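K.L.:
What follows is the file final-v5.cif, containing mmCIF, C-alpha atoms and all ligand atoms:
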data_input
#
loop_
_atom_site.label_atom_id
_atom_site.label_comp_id
_atom_site.auth_asym_id
_atom_site.auth_seq_id
_atom_site.Cartn_x
_atom_site.Cartn_y
_atom_site.Cartn_z
CA MET A 1011 -22.79 -20.70 -80.75
CA ARG A 1012 -21.14 -17.51 -81.94
CA HIS A 1013 -22.08 -14.00 -80.84
CA LEU A 1014 -20.66 -10.67 -81.89
CA ILE A 1015 -20.15 -8.49 -78.83
CA ASP A 1016 -16.74 -6.82 -79.28
CA PRO A 1017 -15.25 -5.98 -82.71
CA MET A 1018 -12.09 -7.73 -81.53
CA ASP A 1019 -14.05 -11.02 -81.33
CA ILE A 1020 -13.50 -11.30 -85.08
CA SER A 1021 -10.18 -12.68 -86.26
CA MET A 1022 -8.49 -11.31 -89.37
CA THR A 1023 -9.42 -14.45 -91.28
CA GLU A 1024 -13.07 -14.16 -90.26
CA LEU A 1025 -13.06 -10.49 -91.14
CA LYS A 1026 -11.76 -11.21 -94.61
CA ASP A 1027 -14.42 -13.86 -95.05
CA LEU A 1028 -17.19 -11.44 -93.99
CA LEU A 1029 -15.92 -8.71 -96.31
CA ASP A 1030 -15.70 -11.18 -99.21
CA LEU A 1031 -19.23 -12.36 -98.57
CA ALA A 1032 -20.54 -8.78 -98.38
CA GLU A 1033 -18.92 -8.01 -101.72
CA GLU A 1034 -20.45 -11.10 -103.22
CA ILE A 1035 -23.88 -10.04 -101.94
CA ILE A 1036 -23.43 -6.61 -103.52
CA LYS A 1037 -22.56 -8.23 -106.86
CA LYS A 1038 -25.34 -10.82 -106.89
CA LYS A 1039 -28.16 -9.48 -104.73
CA GLU A 1040 -30.80 -11.77 -106.29
CA ASP A 1041 -28.87 -14.87 -105.26
CA PHE A 1042 -29.35 -13.94 -101.63
CA ASN A 1043 -32.91 -12.67 -101.42
CA GLN A 1044 -34.39 -15.96 -100.24
CA VAL A 1045 -31.56 -17.53 -98.27
CA CYS A 1046 -33.06 -16.62 -94.86
CA LYS A 1047 -36.62 -17.57 -95.72
CA GLY A 1048 -38.34 -18.77 -92.57
CA LYS A 1049 -35.74 -17.17 -90.28
CA ILE A 1050 -36.61 -14.40 -87.84
CA LEU A 1051 -34.40 -11.58 -86.57
CA GLY A 1052 -35.31 -10.10 -83.17
CA THR A 1053 -34.40 -6.43 -82.80
CA LEU A 1054 -34.25 -5.60 -79.10
CA PHE A 1055 -33.63 -1.89 -78.89
CA TYR A 1056 -33.68 -0.73 -75.28
CA GLU A 1057 -32.97 2.77 -76.50
CA PRO A 1058 -34.06 4.25 -79.79
CA SER A 1059 -31.58 4.18 -82.65
CA THR A 1060 -33.70 4.19 -85.72
CA ARG A 1061 -30.74 4.30 -88.08
CA THR A 1062 -29.11 1.15 -86.76
CA ARG A 1063 -32.38 -0.71 -86.33
CA LEU A 1064 -33.51 -0.01 -89.90
CA SER A 1065 -30.16 -1.20 -91.20
CA PHE A 1066 -30.54 -4.54 -89.39
CA GLU A 1067 -34.18 -4.90 -90.44
CA ALA A 1068 -33.47 -4.08 -94.08
CA ALA A 1069 -30.59 -6.56 -94.02
CA MET A 1070 -32.81 -9.38 -92.77
CA LEU A 1071 -35.68 -8.53 -95.13
CA ARG A 1072 -33.30 -8.49 -98.11
CA LEU A 1073 -32.22 -12.00 -97.14
CA GLY A 1074 -35.85 -13.13 -97.28
CA GLY A 1075 -36.24 -13.35 -93.50
CA SER A 1076 -38.64 -11.61 -91.13
CA VAL A 1077 -38.23 -9.28 -88.18
CA ILE A 1078 -39.92 -8.83 -84.81
CA GLY A 1079 -38.87 -6.67 -81.88
CA PHE A 1080 -39.24 -3.44 -79.99
CA SER A 1081 -37.55 -0.15 -80.58
CA ASP A 1082 -37.73 1.53 -77.20
CA ALA A 1083 -38.13 -0.29 -73.90
CA GLY A 1084 -40.09 2.69 -72.57
CA VAL A 1085 -42.93 1.72 -74.87
CA SER A 1086 -42.99 -1.84 -73.66
CA SER A 1087 -43.32 -1.67 -69.90
CA ALA A 1088 -43.39 -5.46 -69.62
CA ILE A 1089 -39.87 -5.55 -71.03
CA LYS A 1090 -38.70 -2.65 -68.91
CA GLY A 1091 -39.54 -4.29 -65.60
CA GLU A 1092 -38.14 -7.66 -66.57
CA SER A 1093 -34.56 -8.76 -66.14
CA ILE A 1094 -32.40 -9.12 -69.25
CA PRO A 1095 -31.91 -12.88 -68.71
CA ASP A 1096 -35.71 -13.38 -68.62
CA THR A 1097 -36.37 -11.25 -71.68
CA ILE A 1098 -33.58 -12.93 -73.62
CA ARG A 1099 -34.67 -16.46 -72.73
CA THR A 1100 -38.17 -15.56 -73.89
CA VAL A 1101 -37.30 -13.76 -77.12
CA SER A 1102 -34.59 -16.21 -78.10
CA SER A 1103 -37.25 -18.94 -77.95
CA TYR A 1104 -39.08 -17.17 -80.76
CA VAL A 1105 -36.34 -15.94 -83.06
CA ASP A 1106 -33.21 -17.27 -84.79
CA ILE A 1107 -30.88 -14.34 -84.17
CA ILE A 1108 -30.97 -11.15 -82.09
CA ALA A 1109 -29.65 -7.63 -82.64
CA MET A 1110 -29.57 -5.87 -79.29
CA ARG A 1111 -28.99 -2.25 -78.40
CA HIS A 1112 -28.86 -1.07 -74.81
CA PRO A 1113 -27.77 2.14 -73.07
CA LYS A 1114 -25.68 0.23 -70.51
CA GLU A 1115 -22.23 -1.14 -71.23
CA GLY A 1116 -21.99 -4.91 -71.31
CA ALA A 1117 -25.75 -5.60 -71.61
CA PRO A 1118 -25.37 -7.65 -74.84
CA LYS A 1119 -22.56 -9.63 -73.18
CA LEU A 1120 -24.91 -10.47 -70.33
CA ALA A 1121 -27.60 -11.41 -72.85
CA SER A 1122 -25.21 -13.74 -74.67
CA TYR A 1123 -24.89 -15.86 -71.52
CA TYR A 1124 -28.63 -16.60 -71.55
CA SER A 1125 -29.55 -16.60 -75.22
CA PHE A 1126 -30.46 -19.71 -77.18
CA VAL A 1127 -29.54 -17.90 -80.42
CA PRO A 1128 -26.64 -15.68 -81.61
CA ILE A 1129 -26.56 -12.12 -80.22
CA ILE A 1130 -25.24 -9.19 -82.23
CA ASN A 1131 -24.29 -6.14 -80.21
CA ALA A 1132 -25.97 -3.21 -81.96
CA GLY A 1133 -24.35 -0.72 -79.57
CA ASP A 1134 -24.03 -0.82 -75.79
CA GLY A 1135 -23.77 2.69 -74.43
CA GLY A 1136 -20.54 4.28 -75.53
CA HIS A 1137 -18.86 0.91 -75.32
CA TYR A 1138 -18.88 -1.21 -78.49
CA HIS A 1139 -20.62 -1.00 -81.82
CA PRO A 1140 -19.03 -3.81 -83.84
CA THR A 1141 -21.29 -3.56 -86.89
CA GLN A 1142 -20.26 0.09 -87.29
CA THR A 1143 -16.62 -0.99 -87.32
CA LEU A 1144 -17.38 -3.69 -89.90
CA THR A 1145 -19.21 -1.08 -91.98
CA ASP A 1146 -16.22 1.26 -91.84
CA ILE A 1147 -13.78 -1.46 -92.86
CA LEU A 1148 -15.94 -2.71 -95.72
CA THR A 1149 -16.28 0.84 -97.01
CA ILE A 1150 -12.53 1.39 -96.89
CA ARG A 1151 -11.87 -1.86 -98.74
CA LEU A 1152 -14.47 -1.11 -101.41
CA LYS A 1153 -13.32 2.46 -101.95
CA LYS A 1154 -9.58 1.81 -101.77
CA GLY A 1155 -9.34 -1.81 -102.85
CA GLN A 1156 -7.05 -2.57 -99.92
CA LEU A 1157 -6.82 -2.34 -96.13
CA SER A 1158 -3.09 -1.66 -95.79
CA ASN A 1159 -0.59 1.08 -96.65
CA LEU A 1160 -3.20 3.79 -96.23
CA THR A 1161 -2.90 7.15 -94.54
CA ILE A 1162 -6.01 7.38 -92.40
CA GLY A 1163 -6.99 10.68 -90.80
CA LEU A 1164 -9.41 10.57 -87.89
CA CYS A 1165 -10.81 13.94 -86.98
CA GLY A 1166 -12.82 15.33 -84.07
CA ASP A 1167 -13.59 13.65 -80.79
CA LEU A 1168 -11.04 10.87 -80.54
CA LYS A 1169 -11.26 10.55 -76.79
CA PHE A 1170 -14.80 9.36 -76.21
CA GLY A 1171 -15.65 7.95 -79.62
CA ARG A 1172 -15.32 4.22 -79.18
CA THR A 1173 -16.15 3.45 -82.79
CA VAL A 1174 -13.01 5.40 -83.62
CA HIS A 1175 -11.03 3.32 -81.12
CA SER A 1176 -12.34 0.08 -82.60
CA LEU A 1177 -11.57 1.20 -86.13
CA ILE A 1178 -8.01 2.18 -85.17
CA LYS A 1179 -7.46 -1.12 -83.36
CA SER A 1180 -8.71 -3.15 -86.32
CA MET A 1181 -6.95 -1.16 -89.03
CA SER A 1182 -3.65 -1.01 -87.15
CA SER A 1183 -3.23 -4.76 -87.65
CA TYR A 1184 -2.92 -4.19 -91.39
CA GLY A 1185 -0.08 -1.71 -91.30
CA ASN A 1186 -1.43 1.77 -91.88
CA LYS A 1187 -0.44 5.31 -91.03
CA PHE A 1188 -2.80 7.18 -88.74
CA ILE A 1189 -3.05 10.92 -88.44
CA LEU A 1190 -5.08 11.80 -85.38
CA ILE A 1191 -6.63 15.23 -85.69
CA SER A 1192 -8.23 16.63 -82.56
CA PRO A 1193 -8.01 19.35 -79.94
CA GLN A 1194 -5.73 18.37 -77.07
CA GLU A 1195 -8.76 17.93 -74.83
CA LEU A 1196 -10.13 15.22 -77.09
CA GLN A 1197 -6.99 13.28 -77.95
CA ILE A 1198 -7.02 9.53 -78.15
CA PRO A 1199 -6.57 7.78 -74.77
CA GLN A 1200 -3.13 6.59 -73.78
CA TYR A 1201 -4.04 2.89 -73.76
CA ILE A 1202 -5.02 2.99 -77.44
CA LYS A 1203 -1.72 4.66 -78.29
CA MET A 1204 0.11 1.90 -76.45
CA GLU A 1205 -1.66 -0.67 -78.59
CA LEU A 1206 -0.63 1.20 -81.71
CA PHE A 1207 2.98 1.20 -80.59
CA ASN A 1208 2.87 -2.56 -80.39
CA LYS A 1209 1.74 -3.01 -83.96
CA ASN A 1210 3.28 -2.32 -87.32
CA SER A 1211 1.42 0.94 -87.81
CA SER A 1212 2.53 4.48 -87.14
CA PHE A 1213 0.63 7.51 -85.93
CA MET A 1214 1.00 11.22 -85.43
CA GLU A 1215 -1.18 13.69 -83.56
CA VAL A 1216 -2.05 17.12 -84.89
CA GLU A 1217 -4.52 19.85 -84.01
CA SER A 1218 -5.31 21.23 -87.43
CA LEU A 1219 -7.14 19.43 -90.21
CA GLU A 1220 -5.92 21.89 -92.85
CA ASP A 1221 -2.28 21.08 -92.12
CA VAL A 1222 -2.63 17.42 -93.00
CA ILE A 1223 -5.66 16.99 -95.23
CA ASP A 1224 -3.49 16.79 -98.40
CA LYS A 1225 -1.77 13.67 -97.07
CA LEU A 1226 -4.88 11.59 -96.47
CA ASP A 1227 -6.34 8.60 -98.30
CA ILE A 1228 -9.20 8.36 -95.80
CA LEU A 1229 -10.72 11.08 -93.66
CA TYR A 1230 -12.96 9.76 -90.90
CA MET A 1231 -14.98 12.60 -89.39
CA THR A 1232 -16.69 12.43 -85.98
CA ARG A 1233 -18.95 14.66 -83.95
CA VAL A 1234 -17.41 17.16 -81.58
CA GLN A 1235 -19.97 17.66 -78.88
CA ARG A 1236 -20.27 20.81 -76.83
CA GLU A 1237 -20.64 18.88 -73.58
CA ARG A 1238 -17.21 17.30 -74.04
CA PHE A 1239 -15.51 20.64 -73.43
CA PHE A 1240 -14.61 22.04 -70.06
CA ASN A 1241 -15.67 25.53 -71.01
CA GLU A 1242 -17.63 27.36 -73.66
CA GLU A 1243 -14.60 29.41 -74.71
CA ASP A 1244 -12.62 26.36 -75.79
CA TYR A 1245 -15.59 24.98 -77.63
CA ILE A 1246 -16.13 28.18 -79.62
CA ARG A 1247 -12.42 28.52 -80.30
CA LEU A 1248 -12.09 24.97 -81.57
CA LYS A 1249 -15.35 23.93 -83.11
CA ASP A 1250 -14.77 25.38 -86.57
CA SER A 1251 -11.38 23.79 -87.01
CA TYR A 1252 -13.11 20.41 -87.01
CA ILE A 1253 -15.75 21.22 -89.57
CA LEU A 1254 -15.13 19.95 -93.06
CA ASP A 1255 -16.23 22.39 -95.77
CA LYS A 1256 -15.48 23.03 -99.43
CA GLU A 1257 -12.70 25.43 -98.55
CA LYS A 1258 -10.71 22.82 -96.62
CA LEU A 1259 -11.53 20.17 -99.18
CA LYS A 1260 -9.75 22.20 -101.87
CA LEU A 1261 -6.50 21.21 -100.20
CA ALA A 1262 -7.28 17.50 -100.26
CA ARG A 1263 -6.32 14.86 -102.77
CA LYS A 1264 -8.65 13.88 -105.61
CA ASP A 1265 -8.95 10.33 -104.38
CA LEU A 1266 -9.68 11.17 -100.74
CA CYS A 1267 -12.48 9.13 -99.23
CA ILE A 1268 -14.56 10.93 -96.56
CA LEU A 1269 -16.33 8.75 -94.01
CA HIS A 1270 -18.63 9.53 -91.09
CA PRO A 1271 -20.57 7.11 -88.86
CA LEU A 1272 -23.65 9.41 -89.06
CA PRO A 1273 -25.79 11.05 -87.90
CA ARG A 1274 -23.81 14.25 -88.25
CA VAL A 1275 -24.43 17.50 -86.46
CA ASN A 1276 -22.46 20.18 -88.29
CA GLU A 1277 -19.00 18.66 -88.67
CA ILE A 1278 -19.47 18.12 -92.40
CA SER A 1279 -21.07 21.03 -94.25
CA TYR A 1280 -23.94 20.10 -96.52
CA GLU A 1281 -22.06 21.62 -99.45
CA VAL A 1282 -19.62 18.71 -99.22
CA ASP A 1283 -22.34 16.12 -99.90
CA ASP A 1284 -22.17 16.64 -103.66
CA ASP A 1285 -18.43 16.17 -103.78
CA PRO A 1286 -17.48 12.77 -105.24
CA ARG A 1287 -15.14 12.29 -102.30
CA ALA A 1288 -18.05 12.21 -99.84
CA CYS A 1289 -18.60 8.51 -99.21
CA TYR A 1290 -20.72 8.57 -96.05
CA PHE A 1291 -24.00 7.76 -97.75
CA GLU A 1292 -22.45 4.83 -99.59
CA GLN A 1293 -21.06 3.82 -96.22
CA VAL A 1294 -24.63 3.62 -94.90
CA LYS A 1295 -25.53 1.26 -97.71
CA TYR A 1296 -22.47 -0.90 -97.14
CA GLY A 1297 -23.53 -1.09 -93.49
CA MET A 1298 -26.60 -2.99 -94.59
CA TYR A 1299 -24.60 -5.39 -96.78
CA ILE A 1300 -22.08 -6.21 -94.08
CA ARG A 1301 -24.96 -6.88 -91.68
CA MET A 1302 -26.42 -9.26 -94.27
CA ALA A 1303 -23.10 -11.09 -94.43
CA LEU A 1304 -22.87 -11.19 -90.64
CA ILE A 1305 -26.40 -12.55 -90.22
CA LEU A 1306 -25.67 -15.29 -92.77
CA ARG A 1307 -22.46 -16.34 -91.04
CA LEU A 1308 -23.88 -16.28 -87.51
CA LEU A 1309 -26.93 -18.24 -88.60
CA GLY A 1310 -24.67 -20.68 -90.41
CA VAL A 1311 -26.98 -20.45 -93.41
CA MET A 1312 -24.11 -20.05 -95.85
CA MET B 30 11.06 -16.39 -29.36
CA LEU B 31 7.36 -16.93 -29.49
CA TYR B 32 6.51 -20.61 -29.43
CA ILE B 33 3.39 -22.04 -30.93
CA ASP B 34 2.63 -25.74 -30.55
CA SER B 35 2.79 -27.74 -33.73
CA ILE B 36 -0.53 -29.24 -34.65
CA SER B 37 -1.23 -32.90 -35.21
CA LYS B 38 -4.24 -32.47 -37.46
CA GLY B 39 -5.33 -29.31 -39.20
CA ILE B 40 -4.36 -26.59 -41.64
CA VAL B 41 -1.51 -24.12 -41.76
CA ILE B 42 -2.04 -21.08 -43.96
CA ASP B 43 1.52 -20.01 -44.58
CA HIS B 44 3.42 -17.26 -46.38
CA ILE B 45 0.68 -14.70 -45.91
CA ARG B 46 1.93 -11.27 -46.85
CA PRO B 47 2.42 -9.21 -43.65
CA GLY B 48 -0.77 -7.33 -42.89
CA ASN B 49 -3.05 -9.81 -44.65
CA GLY B 50 -3.06 -12.29 -41.76
CA PHE B 51 -5.69 -10.47 -39.75
CA LYS B 52 -7.77 -9.84 -42.89
CA ILE B 53 -7.88 -13.56 -43.62
CA PHE B 54 -8.49 -14.38 -39.96
CA LYS B 55 -11.57 -12.17 -40.07
CA TYR B 56 -12.67 -13.40 -43.51
CA LEU B 57 -12.61 -17.00 -42.28
CA GLY B 58 -14.59 -16.00 -39.18
CA LEU B 59 -11.91 -17.48 -36.92
CA ASN B 60 -12.72 -15.13 -34.06
CA LYS B 61 -15.80 -17.31 -33.56
CA ALA B 62 -13.98 -20.64 -33.90
CA ASP B 63 -14.52 -23.29 -31.23
CA PHE B 64 -11.20 -24.99 -31.99
CA ARG B 65 -7.63 -23.90 -31.43
CA VAL B 66 -6.43 -21.19 -33.78
CA ALA B 67 -3.16 -19.29 -33.88
CA LEU B 68 -2.69 -16.10 -35.83
CA ILE B 69 0.95 -15.18 -36.02
CA ILE B 70 1.95 -11.87 -37.49
CA ASN B 71 5.37 -10.76 -38.61
CA ALA B 72 6.93 -14.18 -38.33
CA GLN B 73 10.36 -14.63 -39.91
CA SER B 74 10.38 -15.71 -43.52
CA LYS B 75 13.41 -16.72 -45.52
CA LYS B 76 11.73 -15.58 -48.69
CA TYR B 77 10.08 -12.29 -47.77
CA GLY B 78 11.75 -11.28 -44.52
CA LYS B 79 8.41 -11.24 -42.72
CA LYS B 80 5.19 -13.15 -43.10
CA ASP B 81 1.92 -13.83 -41.32
CA LEU B 82 0.54 -17.30 -40.76
CA ILE B 83 -2.53 -18.97 -39.37
CA LYS B 84 -2.71 -22.41 -37.78
CA LEU B 85 -6.03 -24.17 -37.39
CA GLU B 86 -6.41 -27.27 -35.30
CA ASN B 87 -9.29 -28.42 -37.37
CA VAL B 88 -10.12 -29.33 -40.94
CA MET B 89 -12.41 -26.89 -42.67
CA ASP B 90 -13.44 -26.06 -46.20
CA LEU B 91 -11.54 -23.10 -47.58
CA ASP B 92 -12.55 -21.05 -50.60
CA LEU B 93 -9.21 -21.18 -52.40
CA THR B 94 -10.39 -18.76 -55.10
CA MET B 95 -11.18 -16.12 -52.53
CA LEU B 96 -8.01 -16.75 -50.52
CA GLY B 97 -5.92 -16.62 -53.69
CA PHE B 98 -7.57 -13.36 -54.55
CA ILE B 99 -6.84 -11.84 -51.13
CA ASP B 100 -3.25 -13.05 -51.22
CA PRO B 101 -1.83 -15.10 -54.11
CA ASN B 102 1.44 -15.76 -52.21
CA ILE B 103 -0.24 -18.08 -49.72
CA THR B 104 0.73 -21.72 -49.31
CA ILE B 105 -1.75 -24.00 -47.58
CA ASN B 106 -0.42 -27.04 -45.71
CA ILE B 107 -2.78 -29.82 -44.73
CA ILE B 108 -1.48 -31.57 -41.62
CA GLN B 109 -2.22 -35.12 -40.53
CA ASP B 110 -0.36 -36.98 -37.76
CA GLU B 111 1.95 -33.97 -37.43
CA LYS B 112 3.04 -34.30 -41.04
CA VAL B 113 2.32 -32.13 -44.06
CA VAL B 114 0.28 -34.43 -46.29
CA LYS B 115 -0.66 -31.81 -48.87
CA LYS B 116 0.77 -28.47 -49.94
CA ILE B 117 -1.35 -26.13 -52.02
CA LYS B 118 0.25 -23.09 -53.63
CA LEU B 119 -2.33 -20.40 -54.30
CA SER B 120 -2.39 -17.96 -57.18
CA LEU B 121 -4.62 -15.18 -58.44
CA PRO B 122 -7.84 -16.76 -59.72
CA GLU B 123 -8.54 -16.41 -63.46
CA GLU B 124 -12.05 -15.28 -62.69
CA VAL B 125 -13.82 -14.01 -59.57
CA GLU B 126 -17.55 -13.86 -59.10
CA GLY B 127 -19.31 -11.73 -56.52
CA ILE B 128 -16.08 -10.57 -54.88
CA ILE B 129 -15.27 -7.32 -56.69
CA LYS B 130 -18.14 -4.96 -57.40
CA CYS B 131 -18.08 -3.01 -60.65
CA LYS B 132 -18.27 0.68 -59.85
CA ASN B 133 -18.80 1.95 -63.40
CA PRO B 134 -22.19 3.72 -63.32
CA ARG B 135 -22.61 3.07 -67.06
CA CYS B 136 -22.16 -0.69 -66.59
CA ILE B 137 -25.11 -3.07 -66.88
CA CYS B 138 -24.11 -4.26 -63.38
CA SER B 139 -25.51 -1.01 -62.00
CA GLU B 140 -28.96 -1.75 -63.39
CA GLU B 141 -29.66 -5.48 -63.34
CA ARG B 142 -30.65 -6.64 -59.90
CA GLN B 143 -29.66 -10.27 -60.06
CA ILE B 144 -26.46 -9.94 -62.02
CA VAL B 145 -23.36 -11.62 -60.62
CA HIS B 146 -20.45 -9.21 -60.76
CA ARG B 147 -17.71 -11.05 -62.61
CA PHE B 148 -14.11 -9.97 -63.08
CA VAL B 149 -11.54 -11.64 -65.32
CA LEU B 150 -7.77 -11.61 -64.68
CA ILE B 151 -5.90 -9.81 -67.47
CA ASP B 152 -2.46 -9.36 -65.88
CA ASP B 153 -1.37 -11.88 -63.25
CA LYS B 154 1.89 -10.09 -62.46
CA LYS B 155 0.23 -6.80 -61.59
CA GLY B 156 -3.02 -8.36 -60.36
CA ILE B 157 -5.22 -6.48 -62.83
CA TYR B 158 -8.79 -7.58 -63.44
CA LYS B 159 -11.47 -6.28 -65.78
CA CYS B 160 -15.24 -6.33 -65.48
CA ASP B 161 -16.53 -9.09 -67.73
CA TYR B 162 -19.32 -6.80 -68.95
CA CYS B 163 -17.99 -3.25 -69.31
CA GLU B 164 -14.23 -3.95 -69.03
CA GLN B 165 -13.73 -1.47 -66.23
CA ILE B 166 -10.27 -2.13 -64.77
CA TYR B 167 -9.75 -3.23 -61.20
CA SER B 168 -6.28 -3.51 -59.79
CA TRP B 169 -5.19 -4.80 -56.40
CA GLU B 170 -2.72 -1.99 -55.90
CA GLY B 171 -5.58 0.44 -56.47
ZN ZN C 1401 -18.78 -3.34 -65.26
#
Could you quickly redo this structure as structure tokens?
Ligand SMILES: [Zn+2]

P.N.:
Amino acid sequence: MRHLIDPMDISMTELKDLLDLAEEIIKKKEDFNQVCKGKILGTLFYEPSTRTRLSFEAAMLRLGGSVIGFSDAGVSSAIKGESIPDTIRTVSSYVDIIAMRHPKEGAPKLASYYSFVPIINAGDGGHYHPTQTLTDILTIRLKKGQLSNLTIGLCGDLKFGRTVHSLIKSMSSYGNKFILISPQELQIPQYIKMELFNKNSSFMEVESLEDVIDKLDILYMTRVQRERFFNEEDYIRLKDSYILDKEKLKLARKDLCILHPLPRVNEISYEVDDDPRACYFEQVKYGMYIRMALILRLLGVM
Amino acid sequence: MLYIDSISKGIVIDHIRPGNGFKIFKYLGLNKADFRVALIINAQSKKYGKKDLIKLENVMDLDLTMLGFIDPNITINIIQDEKVVKKIKLSLPEEVEGIIKCKNPRCICSEERQIVHRFVLIDDKKGIYKCDYCEQIYSWEG
């Protein structure tokens, strides 16, 4: 049985297959709206993440399946007091596939050892969030028509944002140029850089978005959180340099594609939303389609 | 020269890295043994200059995974009729369960009561393991 715990669990061949299937679903939605009839998705959300949960639920419903689950373990005290192996053995007796979110790192991995059905990691603490990475990659392929020879700017908190790490790891296999835009305090960890060195991609690190925005095919924005800074001074000094607004966007190319994993705080001004280069709401939609493709493949329905 | 009788039937745990001999002696509970045991520290070794070794005049079950984890250089000789009938070369185990504890407070290990802490070998030359759940790194050298 296959699970999806770590984005790196997916080979390049499997990734291509998932992306192809997602594109096919987008083209012929009606052909897929009954394919999971009679199948049930369990959404086990041990911490609330409405955005991700709705995406999974919409995906399953659009495939003609049904959904059961809980959205916050605090509500369900029976679940809270029970061990993960017990909960998983119970729920996986009822459903055909599980999407699990948990505040602790490795919880979905633990669940996968006890589950009778495939487990999809829907985020485990700050650890992995593979369906976000799949969403990002599908969006890039749909917007750019390719996954290689791109100049990809990643801006903001590159130190703690693991979805950024996963995206870099995946995209570096295809041969791309990365421009890493962050304050020194939030630079990408050394071990990720080492992995980039070993692949056929290049990268450079800069502190200012304005200096490089004209070179980018993709701009991936992330949240810069106040609590990541050692002192208030640094935060105030740096926060505005990592906010994308119309002024900065004037310097960018016409075919730039702006992505963000959402929800945003203030790192993309609302005035940018109307710009045709803002792709983050489309990205949300693609997130649902790639989850549909993933559910189909893990269930072995198609 | 210190002289230790050769044994006719038993086990010799050889090529222990100096300093690990007493650790293994304690781990095996040999201070409570009711058979003859010799712990030799800083014996001469052609390979490493110095080594520790333990001789047991008894046959007992050894957890080779655990011993390999404590010291992958060890060779175990099984002795019968004063002859080595079996030589076992240890190495770092691919996976250890319940030996290393994951110290990452964000790891599921910190919350689930009955979870078995499991670490997987990722670099056998440097002895680096990672938590199977959260991937926290554990290295022998520390
Ligand atoms: Zn751990």

K.L.:
Would you give me, as a tab-separated table, each residue of chain A having an atom within 10 Å of an atom of ligand ZN 1401 (chain C), along with its shortest atom pair and that distance in Å to one decimal, using only C-alpha atoms and all ligand atoms and sorting by chain and residue number?

P.N.:
residue	atom	partner	partner_atom	distance
A:Lys1114	CA	C:ZN1401	ZN	9.4
A:Glu1115	CA	C:ZN1401	ZN	7.2
A:Gly1116	CA	C:ZN1401	ZN	7.0
A:Ala1117	CA	C:ZN1401	ZN	9.7

K.L.:
To one decimal in Å, tell me the separation between atom CA of Leu1304 of chain A and atom CA of Thr1062 of chain A.

P.N.:
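These atoms are spaced 14.4 Å apart.
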
K.L.:
Can you tell me how far atom CA of Ala1109 of chain A sits from atom CA of Val1174 of chain A, in Å to one decimal?

P.N.:
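So the two atoms, atom CA of Ala1109 of chain A and atom CA of Val1174 of chain A, lie 21.2 Å apart.
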
K.L.:
Name the residues in contact with Val1045 of chain A at a cut-off of 8 Å, using only C-alpha atoms, excluding same-chain residues fewer than 4 positions from it; report them as a PDB file with C-alpha atoms, in the coordinates of the input.

P.N.:
ATOM      1  CA  ASP A1041     -28.870 -14.870-105.260  1.00  0.00           C
ATOM      2  CA  LEU A1073     -32.220 -12.000 -97.140  1.00  0.00           C
ATOM      3  CA  GLY A1074     -35.850 -13.130 -97.280  1.00  0.00           C
ATOM      4  CA  GLY A1075     -36.240 -13.350 -93.500  1.00  0.00           C
ATOM      5  CA  VAL A1311     -26.980 -20.450 -93.410  1.00  0.00           C
TER       6      VAL A1311
END

K.L.:
When distances are computed from all atoms listed in the file, which of A:Lys1119, A:Lys1153, A:His1139, A:Arg1307 shows the smallest separation from chain B?

P.N.:
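With all atoms listed in the file as the atom set, the closest residue is A:Lys1119.
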
K.L.:
Closest to chain B among A:Ser1122, A:Asn1210, A:Thr1161, A:Ser1192, using all atoms listed in the file?

P.N.:
A:Ser1122

K.L.:
I'd like the contact shell of Met95 of chain B - 9 Å cut-off, only C-alpha atoms, skipping same-chain residues fewer than 3 positions apart - returned as a ChimeraX atom specification.

P.N.:
/B:91-92,98-100,121-122,125,128

K.L.:
Take the selection from the previous step and output its residues with C-alpha atoms, as a short mmCIF file (atom, residue, chain, number, x, y, z; two decimals), in the frame of the given file.

P.N.:
data_model
loop_
_atom_site.label_atom_id
_atom_site.label_comp_id
_atom_site.auth_asym_id
_atom_site.auth_seq_id
_atom_site.Cartn_x
_atom_site.Cartn_y
_atom_site.Cartn_z
CA LEU B 91 -11.54 -23.10 -47.58
CA ASP B 92 -12.55 -21.05 -50.60
CA PHE B 98 -7.57 -13.36 -54.55
CA ILE B 99 -6.84 -11.84 -51.13
CA ASP B 100 -3.25 -13.05 -51.22
CA LEU B 121 -4.62 -15.18 -58.44
CA PRO B 122 -7.84 -16.76 -59.72
CA VAL B 125 -13.82 -14.01 -59.57
CA ILE B 128 -16.08 -10.57 -54.88
#

K.L.:
Give one line per residue of chain A that approaches chain B to at most 10 Å, naming the two atoms of the closest pair and their distance in Å to one decimal, counting all atoms listed in the file; sort by chain then ascending residue number and deliver it as a tab-separated table.

P.N.:
residue	atom	partner	partner_atom	distance
A:Glu1092	CA	B:Glu141	CA	9.3
A:Ser1093	CA	B:Glu141	CA	6.5
A:Ile1094	CA	B:Glu141	CA	7.5
A:Pro1095	CA	B:Ile144	CA	9.1
A:His1112	CA	B:Ile137	CA	9.0
A:Pro1113	CA	B:Arg135	CA	8.0
A:Lys1114	CA	B:Ile137	CA	4.9
A:Glu1115	CA	B:Cys136	CA	4.7
A:Gly1116	CA	B:Tyr162	CA	4.0
A:Ala1117	CA	B:Ile137	CA	5.4
A:Pro1118	CA	B:Tyr162	CA	8.5
A:Lys1119	CA	B:Tyr162	CA	6.0
A:Leu1120	CA	B:Tyr162	CA	6.8
A:Asp1134	CA	B:Cys163	CA	9.2
A:Gly1135	CA	B:Arg135	CA	7.5
A:Gly1136	CA	B:Arg135	CA	8.8
A:His1137	CA	B:Cys163	CA	7.4
A:Tyr1138	CA	B:Cys163	CA	9.4
